[in-house]
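This is target_35.pdb (PDB, C-alpha atoms).
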ATOM      1  CA  MET A1070     -26.781  28.555 -24.218
ATOM      2  CA  TRP A1071     -23.464  27.383 -22.766
ATOM      3  CA  LYS A1072     -22.473  25.956 -26.143
ATOM      4  CA  ARG A1073     -22.001  29.473 -27.462
ATOM      5  CA  TYR A1074     -19.244  29.987 -24.937
ATOM      6  CA  PHE A1075     -17.684  26.555 -24.629
ATOM      7  CA  LYS A1076     -17.064  23.609 -26.914
ATOM      8  CA  PHE A1077     -17.245  20.031 -25.669
ATOM      9  CA  ILE A1078     -14.107  18.271 -26.917
ATOM     10  CA  LYS A1079     -12.388  14.859 -27.015
ATOM     11  CA  LEU A1080     -15.659  12.964 -26.391
ATOM     12  CA  LYS A1081     -18.979  12.609 -28.179
ATOM     13  CA  PRO A1082     -21.521  14.856 -26.439
ATOM     14  CA  GLY A1083     -23.010  12.843 -23.585
ATOM     15  CA  LYS A1084     -22.592  11.939 -19.951
ATOM     16  CA  VAL A1085     -19.471  12.470 -17.883
ATOM     17  CA  VAL A1086     -19.222  11.907 -14.155
ATOM     18  CA  THR A1087     -17.364  15.049 -13.200
ATOM     19  CA  ALA A1088     -15.191  15.151 -10.125
ATOM     20  CA  GLN A1089     -16.655  18.524  -9.217
ATOM     21  CA  PHE A1090     -20.401  18.224  -9.817
ATOM     22  CA  GLY A1091     -21.173  14.552 -10.390
ATOM     23  CA  GLU A1092     -22.887  13.302 -13.534
ATOM     24  CA  ILE A1093     -23.593  15.880 -16.241
ATOM     25  CA  ASP A1094     -25.077  15.227 -19.677
ATOM     26  CA  PHE A1095     -23.157  17.521 -22.001
ATOM     27  CA  SER A1096     -25.546  16.875 -24.876
ATOM     28  CA  ALA A1097     -28.069  19.075 -23.058
ATOM     29  CA  ASP A1098     -28.291  22.793 -23.691
ATOM     30  CA  SER A1099     -29.743  23.545 -20.293
ATOM     31  CA  ILE A1100     -26.609  23.226 -18.144
ATOM     32  CA  GLY A1101     -25.987  26.379 -16.155
ATOM     33  CA  ILE A1102     -23.160  28.508 -17.467
ATOM     34  CA  GLU A1103     -21.860  28.865 -13.888
ATOM     35  CA  ILE A1104     -21.322  25.102 -13.740
ATOM     36  CA  ILE A1105     -19.620  24.958 -17.125
ATOM     37  CA  GLN A1106     -17.440  27.927 -16.290
ATOM     38  CA  ALA A1107     -16.449  26.440 -12.924
ATOM     39  CA  LEU A1108     -15.494  23.170 -14.621
ATOM     40  CA  TYR A1109     -13.432  25.019 -17.216
ATOM     41  CA  GLU A1110     -11.632  27.096 -14.621
ATOM     42  CA  ASN A1111     -10.888  23.957 -12.611
ATOM     43  CA  GLY A1112      -9.131  22.343 -15.576
ATOM     44  CA  PHE A1113     -11.916  20.032 -16.805
ATOM     45  CA  PRO A1114     -10.269  18.388 -19.831
ATOM     46  CA  TYR A1115     -13.338  18.146 -22.074
ATOM     47  CA  LEU A1116     -14.126  21.847 -22.457
ATOM     48  CA  GLU A1117     -12.638  24.494 -24.696
ATOM     49  CA  ILE A1118     -13.672  28.119 -24.613
ATOM     50  CA  THR A1119     -14.934  29.774 -27.774
ATOM     51  CA  ALA A1120     -13.935  33.245 -28.928
ATOM     52  CA  GLU A1121     -17.395  34.457 -27.935
ATOM     53  CA  GLY A1122     -17.033  32.894 -24.487
ATOM     54  CA  GLN A1123     -13.614  34.435 -24.044
ATOM     55  CA  ALA A1124     -14.970  37.852 -24.917
ATOM     56  CA  GLU A1125     -18.196  37.575 -22.927
ATOM     57  CA  LEU A1126     -16.903  35.865 -19.770
ATOM     58  CA  TYR A1127     -13.369  37.156 -19.491
ATOM     59  CA  GLY A1128     -13.531  40.430 -21.338
ATOM     60  CA  GLY A1129     -11.687  39.215 -24.410
ATOM     61  CA  ILE A1130      -7.927  39.298 -24.747
ATOM     62  CA  SER A1131      -5.639  42.202 -25.420
ATOM     63  CA  GLU A1132      -3.435  42.396 -28.494
ATOM     64  CA  THR A1133      -0.393  41.929 -26.262
ATOM     65  CA  GLU A1134      -1.819  38.817 -24.720
ATOM     66  CA  GLU A1135      -2.883  37.551 -28.109
ATOM     67  CA  SER A1136       0.597  38.027 -29.477
ATOM     68  CA  LEU A1137       1.964  36.066 -26.536
ATOM     69  CA  GLU A1138      -0.742  33.440 -27.050
ATOM     70  CA  ILE A1139      -1.958  33.763 -23.493
ATOM     71  CA  ARG A1140      -5.484  32.487 -23.571
ATOM     72  CA  LYS A1141      -6.061  31.397 -20.014
ATOM     73  CA  PRO A1142      -9.023  32.775 -18.061
ATOM     74  CA  ARG A1143      -8.278  35.703 -15.790
ATOM     75  CA  TYR A1144      -8.785  34.202 -12.374
ATOM     76  CA  GLY A1145     -10.115  36.511  -9.757
ATOM     77  CA  LYS A1146     -11.874  38.743 -12.226
ATOM     78  CA  LYS A1147     -15.574  38.645 -11.749
ATOM     79  CA  ALA A1148     -17.371  37.281 -14.786
ATOM     80  CA  LYS A1149     -20.030  39.360 -16.437
ATOM     81  CA  THR A1150     -23.608  38.551 -15.641
ATOM     82  CA  LEU A1151     -25.218  36.714 -18.494
ATOM     83  CA  ARG A1152     -28.574  37.698 -19.822
TER
ATOM     84  CA  MET B  49     -20.804   6.410   6.414
ATOM     85  CA  GLY B  50     -20.177   2.939   5.059
ATOM     86  CA  GLY B  51     -20.965   1.169   1.831
ATOM     87  CA  ILE B  52     -20.700   2.116  -1.799
ATOM     88  CA  THR B  53     -23.077   4.020  -4.060
ATOM     89  CA  GLN B  54     -25.632   2.324  -6.289
ATOM     90  CA  LYS B  55     -23.528   2.654  -9.425
ATOM     91  CA  VAL B  56     -20.135   1.326 -10.350
ATOM     92  CA  TYR B  57     -18.280   2.314 -13.498
ATOM     93  CA  PHE B  58     -16.334  -0.126 -15.634
ATOM     94  CA  GLY B  59     -14.541  -0.465 -18.932
ATOM     95  CA  TYR B  60     -12.358  -2.889 -20.793
ATOM     96  CA  HIS B  61      -8.711  -2.645 -19.804
ATOM     97  CA  ALA B  62      -7.679  -2.819 -23.467
ATOM     98  CA  ASP B  63      -9.872   0.209 -24.244
ATOM     99  CA  VAL B  64      -8.052   2.516 -21.832
ATOM    100  CA  ALA B  65      -5.757   4.992 -23.567
ATOM    101  CA  THR B  66      -4.063   6.419 -20.478
ATOM    102  CA  PHE B  67      -4.208   5.777 -16.769
ATOM    103  CA  PRO B  68      -3.676   8.634 -14.323
ATOM    104  CA  PRO B  69      -0.090   8.685 -13.089
ATOM    105  CA  LYS B  70       0.739   7.435  -9.625
ATOM    106  CA  PRO B  71       2.307   9.812  -7.103
ATOM    107  CA  VAL B  72       6.074  10.160  -7.325
ATOM    108  CA  ALA B  73       7.981  11.107  -4.164
ATOM    109  CA  PRO B  74       4.846  12.403  -2.436
ATOM    110  CA  ALA B  75       5.426  15.032   0.217
ATOM    111  CA  THR B  76       2.394  14.202   2.327
ATOM    112  CA  LEU B  77       0.297  11.180   3.196
ATOM    113  CA  GLU B  78      -2.619  12.720   1.302
ATOM    114  CA  THR B  79      -0.653  13.067  -1.926
ATOM    115  CA  ALA B  80       0.631   9.503  -1.498
ATOM    116  CA  ALA B  81      -2.969   8.327  -1.681
ATOM    117  CA  ALA B  82      -4.221  10.135  -4.759
ATOM    118  CA  LEU B  83      -3.840   9.714  -8.500
ATOM    119  CA  THR B  84      -3.633  12.923 -10.473
ATOM    120  CA  GLY B  85      -5.401  13.419 -13.773
ATOM    121  CA  ASP B  86      -7.971  11.465 -15.719
ATOM    122  CA  LEU B  87      -8.363   7.977 -17.018
ATOM    123  CA  THR B  88      -8.887   8.383 -20.771
ATOM    124  CA  MET B  89     -10.282   5.948 -23.310
ATOM    125  CA  LYS B  90      -9.173   5.114 -26.838
ATOM    126  CA  ALA B  91     -11.107   6.621 -29.750
ATOM    127  CA  GLY B  92     -14.540   5.047 -30.072
ATOM    128  CA  LYS B  93     -14.361   3.525 -26.592
ATOM    129  CA  ARG B  94     -16.045   4.531 -23.352
ATOM    130  CA  MET B  95     -16.717   3.491 -19.797
ATOM    131  CA  PHE B  96     -20.076   2.104 -18.697
ATOM    132  CA  GLU B  97     -22.155   2.317 -15.562
ATOM    133  CA  MET B  98     -23.808  -0.574 -13.789
ATOM    134  CA  TYR B  99     -26.587  -0.369 -11.239
ATOM    135  CA  LEU B 100     -26.448  -2.446  -8.091
ATOM    136  CA  THR B 101     -28.994  -2.977  -5.357
ATOM    137  CA  ASP B 102     -28.383  -0.683  -2.410
ATOM    138  CA  ASP B 103     -26.448  -2.238   0.474
ATOM    139  CA  THR B 104     -25.327  -5.197  -1.638
ATOM    140  CA  GLY B 105     -22.064  -3.697  -2.857
ATOM    141  CA  GLU B 106     -18.772  -3.618  -1.025
ATOM    142  CA  PHE B 107     -15.250  -2.480  -1.755
ATOM    143  CA  LYS B 108     -12.802  -4.366   0.421
ATOM    144  CA  ILE B 109      -9.024  -4.088   0.749
ATOM    145  CA  ASP B 110      -7.045  -7.138   1.851
ATOM    146  CA  PRO B 111      -3.325  -6.861   2.640
ATOM    147  CA  VAL B 112      -1.448  -9.920   1.353
ATOM    148  CA  GLY B 113       2.122 -11.229   1.183
ATOM    149  CA  GLU B 114       5.094 -11.860   3.392
ATOM    150  CA  VAL B 115       7.049  -9.367   5.474
ATOM    151  CA  ASP B 116       8.903  -6.953   3.158
ATOM    152  CA  GLY B 117       6.690  -8.130   0.331
ATOM    153  CA  LYS B 118       3.301  -6.791   1.291
ATOM    154  CA  SER B 119       0.751  -5.734  -1.281
ATOM    155  CA  PHE B 120      -3.033  -5.528  -1.552
ATOM    156  CA  VAL B 121      -5.896  -7.309  -3.207
ATOM    157  CA  SER B 122      -8.998  -5.167  -3.523
ATOM    158  CA  HIS B 123     -12.389  -6.823  -3.938
ATOM    159  CA  LEU B 124     -15.581  -5.403  -5.396
ATOM    160  CA  THR B 125     -18.724  -7.394  -4.707
ATOM    161  CA  LEU B 126     -22.193  -6.417  -5.901
ATOM    162  CA  PHE B 127     -25.663  -7.697  -6.703
ATOM    163  CA  HIS B 128     -27.469  -6.595  -9.844
ATOM    164  CA  PRO B 129     -31.240  -7.179  -9.711
ATOM    165  CA  GLY B 130     -32.981  -8.937 -12.558
ATOM    166  CA  LEU B 131     -31.678 -11.037 -15.400
ATOM    167  CA  GLN B 132     -32.021  -8.620 -18.280
ATOM    168  CA  LYS B 133     -29.988  -8.786 -21.453
ATOM    169  CA  LYS B 134     -27.664  -6.097 -20.151
ATOM    170  CA  ILE B 135     -26.454  -8.025 -17.087
ATOM    171  CA  ILE B 136     -26.314 -11.354 -18.920
ATOM    172  CA  GLY B 137     -24.304  -9.720 -21.669
ATOM    173  CA  PHE B 138     -22.044  -8.124 -19.102
ATOM    174  CA  MET B 139     -21.381 -11.452 -17.383
ATOM    175  CA  ASN B 140     -20.684 -13.134 -20.726
ATOM    176  CA  ALA B 141     -18.264 -10.379 -21.666
ATOM    177  CA  ALA B 142     -16.630  -9.914 -18.275
ATOM    178  CA  LYS B 143     -15.937 -13.479 -17.241
ATOM    179  CA  ASN B 144     -12.660 -13.764 -19.086
ATOM    180  CA  GLU B 145     -11.888 -10.136 -19.868
ATOM    181  CA  ASN B 146      -9.484  -7.735 -18.279
ATOM    182  CA  LEU B 147     -11.441  -4.838 -16.820
ATOM    183  CA  VAL B 148     -11.115  -1.572 -14.947
ATOM    184  CA  PHE B 149     -13.594  -0.361 -12.346
ATOM    185  CA  ILE B 150     -14.159   2.909 -10.576
ATOM    186  CA  VAL B 151     -15.983   2.357  -7.299
ATOM    187  CA  VAL B 152     -17.524   5.304  -5.467
ATOM    188  CA  ASP B 153     -18.077   4.960  -1.740
ATOM    189  CA  SER B 154     -20.733   6.716   0.312
ATOM    190  CA  ASN B 155     -18.279   9.516   1.137
ATOM    191  CA  ASP B 156     -17.552  10.213  -2.562
ATOM    192  CA  ASN B 157     -14.133   8.596  -2.466
ATOM    193  CA  LYS B 158     -13.434   6.952  -5.812
ATOM    194  CA  PHE B 159     -11.279   3.832  -6.001
ATOM    195  CA  LEU B 160      -9.714   2.829  -9.306
ATOM    196  CA  MET B 161      -9.360  -0.925  -9.782
ATOM    197  CA  GLY B 162      -6.856  -1.408 -12.584
ATOM    198  CA  ASP B 163      -3.688   0.272 -13.746
ATOM    199  CA  ALA B 164      -1.444   0.190 -16.794
ATOM    200  CA  LEU B 165       0.102  -3.074 -15.636
ATOM    201  CA  ARG B 166      -2.733  -4.966 -14.006
ATOM    202  CA  PRO B 167      -6.494  -5.181 -14.642
ATOM    203  CA  ALA B 168      -9.429  -6.032 -12.445
ATOM    204  CA  VAL B 169     -10.747  -9.520 -13.184
ATOM    205  CA  TYR B 170     -13.945 -11.463 -12.561
ATOM    206  CA  ALA B 171     -13.505 -13.736  -9.549
ATOM    207  CA  GLY B 172     -16.897 -15.401  -9.318
ATOM    208  CA  SER B 173     -20.409 -15.028  -8.026
ATOM    209  CA  PRO B 174     -20.235 -15.006  -4.207
ATOM    210  CA  ASP B 175     -23.986 -15.096  -3.644
ATOM    211  CA  GLY B 176     -24.883 -16.898  -6.835
ATOM    212  CA  GLY B 177     -27.234 -15.748  -9.501
ATOM    213  CA  GLY B 178     -30.500 -16.786 -11.073
ATOM    214  CA  THR B 179     -34.216 -16.594 -10.556
ATOM    215  CA  GLY B 180     -34.437 -17.704  -6.919
ATOM    216  CA  LYS B 181     -36.758 -20.509  -5.816
ATOM    217  CA  THR B 182     -39.940 -18.674  -4.889
ATOM    218  CA  THR B 183     -41.897 -15.882  -6.471
ATOM    219  CA  ALA B 184     -40.856 -13.730  -3.516
ATOM    220  CA  SER B 185     -37.193 -14.371  -4.255
ATOM    221  CA  ARG B 186     -34.982 -11.693  -5.664
ATOM    222  CA  ALA B 187     -33.797 -12.632  -9.131
ATOM    223  CA  GLY B 188     -30.464 -11.301 -10.199
ATOM    224  CA  MET B 189     -26.756 -11.845 -10.368
ATOM    225  CA  SER B 190     -24.011 -11.358  -7.839
ATOM    226  CA  ALA B 191     -20.446 -10.795  -8.930
ATOM    227  CA  GLU B 192     -17.023 -10.305  -7.444
ATOM    228  CA  PHE B 193     -14.043  -8.625  -9.086
ATOM    229  CA  THR B 194     -10.504  -8.459  -7.754
ATOM    230  CA  TYR B 195      -7.506  -6.267  -8.447
ATOM    231  CA  LYS B 196      -3.977  -6.931  -7.212
ATOM    232  CA  THR B 197      -1.935  -3.839  -6.533
ATOM    233  CA  ALA B 198       1.141  -2.660  -4.702
ATOM    234  CA  ASN B 199      -0.706   0.389  -3.366
ATOM    235  CA  ILE B 200      -4.262   1.634  -2.988
ATOM    236  CA  TYR B 201      -5.039   4.959  -4.642
ATOM    237  CA  LEU B 202      -7.990   7.288  -4.783
ATOM    238  CA  TYR B 203      -9.114   8.470  -8.206
ATOM    239  CA  GLU B 204      -9.821  12.195  -8.389
ATOM    240  CA  GLY B 205     -10.535  12.566 -12.088
ATOM    241  CA  ASN B 206     -13.632  12.455 -14.280
ATOM    242  CA  ILE B 207     -15.389   9.383 -15.656
ATOM    243  CA  PRO B 208     -16.218   9.509 -19.400
ATOM    244  CA  LEU B 209     -19.482   7.685 -20.118
ATOM    245  CA  THR B 210     -19.512   8.661 -23.767
ATOM    246  CA  GLU B 211     -17.201   7.602 -26.579
ATOM    247  CA  ALA B 212     -13.823   9.229 -26.964
ATOM    248  CA  THR B 213     -13.294  10.915 -30.319
ATOM    249  CA  VAL B 214      -9.514  11.287 -30.190
TER
END
Just give me the structure as structure tokens.
Amino acid sequence: MWKRYFKFIKLKPGKVVTAQFGEIDFSADSIGIEIIQALYENGFPYLEITAEGQAELYGGISETEESLEIRKPRYGKKAKTLR
Amino acid sequence: MGGITQKVYFGYHADVATFPPKPVAPATLETAAALTGDLTMKAGKRMFEMYLTDDTGEFKIDPVGEVDGKSFVSHLTLFHPGLQKKIIGFMNAAKNENLVFIVVDSNDNKFLMGDALRPAVYAGSPDGGGTGKTTASRAGMSAEFTYKTANIYLYEGNIPLTEATV
């Protein structure tokens, strides 16, 4: 599920001991999106958001922002509830 | 709470791509104690985890040197139960290799043994290793690793246990 919204990068999918949540196996599909999103927002270096994740979790980006290449998450904005 | 956790993390010093930078002109004591960023590995390389018997591991910091020339030697001691291929292979590989360790204490402080200039090295087997004499003995291998450093730092990054691709 989370892999639709984020891409695991720089490492082969597998275990990382994260500073925030301890050991996580990123080859698994069953990791909660809240955990992945919290890691991403805290600057975890092995995650990249997908276009679908950007749109679903942060409401997409405006044309102005896109032209300025601002692609950071909008902190403080409540993420949509996932179904 | 004392002691270290039941896992330590290690890698070959030569396999490390980048070490987290040390604090420069830190404004507080807390920032003087912490490394910022992640230790990253070269492509195709990774860090490993090693199990140790609970209450057999210790991370110890010894100040050394003369006045105006003080530094530290940190020591990691541990006991790995059993004599499986994995621990024998580790001892064979580690005895003359330059290593890095990340040691996690019982309060979730992580200590990095190794930096861009100096590795952690195997120092011996403080409690020996082998089968023991009786059937009730605990077979296994003890090991000690040391790291000489000007300063002690906490590691606040992530630990990659899977191969780097870039």
Gap from atom CA of Thr101 of chain B to atom CA of Asp1094 of chain A - Å, one decimal: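 Distance between the two atoms: 23.5 Å.
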Expected answer as an MDAnalysis selection string: chain B residues within 9 Å of chain A, all atoms listed in the file: chainID B and resid 86 91:92 94 204:214
Between atom CA of Tyr195 of chain B and atom CA of Thr179 of chain B - distance in Å to one decimal: 28.7 Å
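Applied to the file shown here, the PyMOL selection byres ((chain B and resi 153) around 12) selects the residues Met49, Gly50, Gly51, Ile52, Thr53, Gln54, Lys55, Val56, Asp102, Asp103, Gly105, Glu106, Phe107, Lys108, Leu124, Ile150, Val151, Val152, Ser154, Asn155, Asp156, Asn157, Lys158, Phe159, Leu160, Leu202 and Tyr203 of chain B.
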Residue IDs satisfying the PyMOL selection byres ((chain B and resi 174) around 8), as number ranges by chain: B: 125, 172-173, 175-176, 190-192
Can you write out the residues you just picked, keeping C-alpha atoms, as a compact mmCIF listing (two decimals), keeping the file's coordinate frame?
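After the write, result_37.txt holds the following:
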# COMPACT_ATOMS: atom_id res chain seq x y z
CA THR B 125 -18.72 -7.39 -4.71
CA GLY B 172 -16.90 -15.40 -9.32
CA SER B 173 -20.41 -15.03 -8.03
CA ASP B 175 -23.99 -15.10 -3.64
CA GLY B 176 -24.88 -16.90 -6.84
CA SER B 190 -24.01 -11.36 -7.84
CA ALA B 191 -20.45 -10.80 -8.93
CA GLU B 192 -17.02 -10.30 -7.44
Atom CA of Ala1097 of chain A to atom CA of Val64 of chain B, straight-line distance in Å: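 Between these atoms lies a distance of 26.0 Å.
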Residues within 12 Å of (-32.9, -7.4, -15.4), file coords, only C-alpha atoms, listed as a PyMOL selection string: chain B and resi 98-101+127-138+177-179+186-189
